[in-house]
Structures are given as structure tokens and as C-alpha cells.
Amino acid sequence: MTKIAPSILSADFSCLLEDIKKVEDGGADLLHIDVMDGHFVPNITIGPPVISCLKGKTNLPFDVHLMIENPERYIDEFAKAGADIITVHEEATVHLHRVLGYIKDKGMKAGVALNPSTPISSLEYVINDIYMVLIMSVNPGFGGQKFIPAMMEKIMDLKKMIRQKNADVLIEVDGGINEDNASDIAKAGADILVAGSAIYQSHCPAETIRKLKNNNI
Ligand code: DX5
Ligand code: ZN
């Protein structure tokens, strides 16, 4: 079954832990944490201090999506803060292979995120070295945007590439996912669906998580 990773970007930061408990009790599989630096994307969010405050207060693994330039500078800090998976953007570093190795050396799982216009061919020579690929299905920076339809083909192409390369890699899709499109995205090949506004703006986050999962058969 497809896994669900609620994005806390759409949570109420004044009662963050409560909002995390809601999705944990509601059947979430991972906690998606969006880190933005105001350079790589035109928005600023949270960093290691907030993540380390949350560590130990929830059993959900921390799926940390770094939308920051030169992420290699901060891997140590995010490791100390308690990240389980660190995903860096292919577009944000010149030395992608080196950063991925560093993340793994620190005992974490490594992911690579691709902006909507970045071709999957950029992953050809690292695909066998990573835990997951994050396909951005909106331009990164904000929650609540619309899913870009062309990303459906990209997910299917990535699935093909993973099979051809015999790689053991998960596909995570992030941006504009809701109860209406979750099923098609999962059928295209997504293993993990990130959802922010669809979950946190719903009257019952637990029910939305259930629907996002059940849609995915
Ligand atoms: C966007 C972030 C997403 C965002 C998704 O840059 O990476 O994780 O929170 O939000 P929704 O589900 O509202 O599109
Ligand atoms: Zn994200």
C-alpha cells in the first residue's frame, strides 16, 4: 500500500506537536518536514532546532526535504537534529554524488528531489545509490499549489528507469496531492505521497489519510 507523508508546512506551528499527533494517530507513515532557505526557494521555514525539539516526541520517521542551496553545509546539523531521511535537490548542489555519500556515512537514508523541469536522466548514475527519488509535482516553495499534470508521465518514466536499472528505490511525489488525484499518482508508480494542505485543511485529517491510502489500490 502507498505510504502517506503529511507535510507539516500546512500545520499550525503554534501547536505543532498536537498537529503531528493528529496525523500519527491517523495512520501517517512518515513526517514530511520542508526546510526552505529563502534562496533556493522564495520562502523560509524551519531548521534543525525545531526538528531536534520534535525528536523523541513522535514515532514517525523524519522525512526531511531540504530546499536549500549547497545542502552539504548542513548535513551534520540535520543528522544531529534527528533526521531519518534527508532529501537534497539535484539543482541545489554541484556535487550531488558526494553529498549523497555523506548523508549515508552519517547513518541516514539519502533521497534526491527533482524540480518539475529537471529530467530524470540526471539521476542515471546515482539511482542505484539512493533510498528514494522525490518528484516535485509543483514548483517548490509553497503548500497549496496545483499538481502539474505532466508529472504523471515523469513518474511513469522514472518507474521504468528504476526497473531497467534494477534499482531498489522508492518514488515519493510531493505537491498538489489530494483525494481526487492520489489514486492516479499511485498507479503511475508513487510509493510515498506527500500531502500538506489536503490533510491539514481537512475537517478530519485521519479520514483524509485513510482516503489517500485507500485510493491507492
Ligand atoms: C512544497 C513542499 C511540499 C508542500 C506540499 O515546496 O515541498 O511538501 O508542503 O503541500 P501541498 O500538499 O499543499 O501541495
Ligand atoms: Zn516537500
# chains A, B, ... in the order shown; residues from 1 in each chain; ligands from 1
$ residues_around --residues "Arg73 in chain A" --least-positions-apart "3" --cutoff "12 Å" --atoms "only C-alpha atoms" --output "ChimeraX atom specification"
/A:66,68-70,76-79,88,92-93,95,98-99,102-103
$ write_last_selection --atoms "N, CA and C atoms" --output "PDB file, in the first residue's frame"
ATOM      1  N   LEU A  66      15.105  19.038   2.012  1.00  0.00           N
ATOM      2  CA  LEU A  66      15.913  20.259   2.064  1.00  0.00           C
ATOM      3  C   LEU A  66      15.788  21.060   0.775  1.00  0.00           C
ATOM      4  N   ILE A  68      17.265  23.872   0.093  1.00  0.00           N
ATOM      5  CA  ILE A  68      18.291  24.861   0.440  1.00  0.00           C
ATOM      6  C   ILE A  68      19.476  24.727  -0.511  1.00  0.00           C
ATOM      7  N   GLU A  69      20.126  25.847  -0.766  1.00  0.00           N
ATOM      8  CA  GLU A  69      21.319  25.828  -1.614  1.00  0.00           C
ATOM      9  C   GLU A  69      22.485  25.201  -0.860  1.00  0.00           C
ATOM     10  N   ASN A  70      23.326  24.508  -1.580  1.00  0.00           N
ATOM     11  CA  ASN A  70      24.511  23.851  -1.007  1.00  0.00           C
ATOM     12  C   ASN A  70      24.168  23.089   0.279  1.00  0.00           C
ATOM     13  N   ASP A  76      25.472  17.681   8.718  1.00  0.00           N
ATOM     14  CA  ASP A  76      25.823  17.330  10.107  1.00  0.00           C
ATOM     15  C   ASP A  76      24.748  17.806  11.078  1.00  0.00           C
ATOM     16  N   GLU A  77      24.316  19.038  10.878  1.00  0.00           N
ATOM     17  CA  GLU A  77      23.312  19.609  11.800  1.00  0.00           C
ATOM     18  C   GLU A  77      21.982  18.857  11.735  1.00  0.00           C
ATOM     19  N   PHE A  78      21.578  18.504  10.517  1.00  0.00           N
ATOM     20  CA  PHE A  78      20.306  17.782  10.403  1.00  0.00           C
ATOM     21  C   PHE A  78      20.440  16.357  10.941  1.00  0.00           C
ATOM     22  N   ALA A  79      21.623  15.783  10.819  1.00  0.00           N
ATOM     23  CA  ALA A  79      21.855  14.453  11.391  1.00  0.00           C
ATOM     24  C   ALA A  79      21.717  14.535  12.907  1.00  0.00           C
ATOM     25  N   VAL A  88      17.939  15.903  -0.822  1.00  0.00           N
ATOM     26  CA  VAL A  88      18.516  17.158  -1.331  1.00  0.00           C
ATOM     27  C   VAL A  88      18.066  17.341  -2.771  1.00  0.00           C
ATOM     28  N   ALA A  92      20.456  21.943  -6.421  1.00  0.00           N
ATOM     29  CA  ALA A  92      20.971  22.816  -5.365  1.00  0.00           C
ATOM     30  C   ALA A  92      22.438  22.562  -5.015  1.00  0.00           C
ATOM     31  N   THR A  93      23.029  21.538  -5.651  1.00  0.00           N
ATOM     32  CA  THR A  93      24.421  21.229  -5.326  1.00  0.00           C
ATOM     33  C   THR A  93      25.184  20.827  -6.588  1.00  0.00           C
ATOM     34  N   HIS A  95      27.913  18.944  -6.334  1.00  0.00           N
ATOM     35  CA  HIS A  95      28.489  17.626  -6.067  1.00  0.00           C
ATOM     36  C   HIS A  95      27.464  16.688  -5.440  1.00  0.00           C
ATOM     37  N   ARG A  98      28.661  13.278  -4.011  1.00  0.00           N
ATOM     38  CA  ARG A  98      29.403  13.429  -2.752  1.00  0.00           C
ATOM     39  C   ARG A  98      28.449  13.655  -1.564  1.00  0.00           C
ATOM     40  N   VAL A  99      27.457  14.509  -1.760  1.00  0.00           N
ATOM     41  CA  VAL A  99      26.503  14.787  -0.667  1.00  0.00           C
ATOM     42  C   VAL A  99      25.751  13.519  -0.282  1.00  0.00           C
ATOM     43  N   TYR A 102      27.794  11.355   1.799  1.00  0.00           N
ATOM     44  CA  TYR A 102      27.954  11.938   3.139  1.00  0.00           C
ATOM     45  C   TYR A 102      26.725  11.663   4.018  1.00  0.00           C
ATOM     46  N   ILE A 103      25.554  11.812   3.428  1.00  0.00           N
ATOM     47  CA  ILE A 103      24.307  11.553   4.172  1.00  0.00           C
ATOM     48  C   ILE A 103      24.301  10.103   4.660  1.00  0.00           C
TER      49      ILE A 103
END
$ residues_near_ligand --ligand "ligand 2" --cutoff "9 Å" --atoms "only C-alpha atoms and all ligand atoms" --output "number ranges by chain"
A: 7, 9, 32-35, 63-67, 134, 136, 140-143, 173-175, 194-196
$ select_by_dssp --residues "range 43-137 of chain A" --states "strand (DSSP E or B)" --output "list of chain:residue names"
A:Ile44, A:Phe62, A:Asp63, A:Val64, A:His65, A:Leu66, A:Met67, A:Ile85, A:Ile86, A:Thr87, A:Val88, A:His89, A:Lys109, A:Ala110, A:Gly111, A:Val112, A:Ala113, A:Leu114, A:Met132, A:Val133, A:Leu134, A:Ile135, A:Met136
$ residues_around --residues "Ser183 in chain A" --least-positions-apart "4" --cutoff "12 Å" --atoms "only C-alpha atoms" --output "PyMOL selection string"
chain A and resi 1-2+152+177-179+187-193+211-217
$ atom_distance --atom1 "CA of Met156 in chain A" --atom2 "CA of Ile120 in chain A"
10.7 Å
$ closest_residue --among "A:Pro205, A:Gly82, A:Gly38, A:Pro116" --to "Pro6 in chain A" --atoms "only C-alpha atoms"
A:Pro205
$ atom_distance --atom1 "CA of Asn115 in chain A" --atom2 "CA of Pro49 in chain A"
26.5 Å
$ closest_residue --among "A:Phe62, A:Tyr125, A:Tyr74, A:Tyr200" --to "ligand 1" --atoms "only C-alpha atoms and all ligand atoms"
A:Tyr200
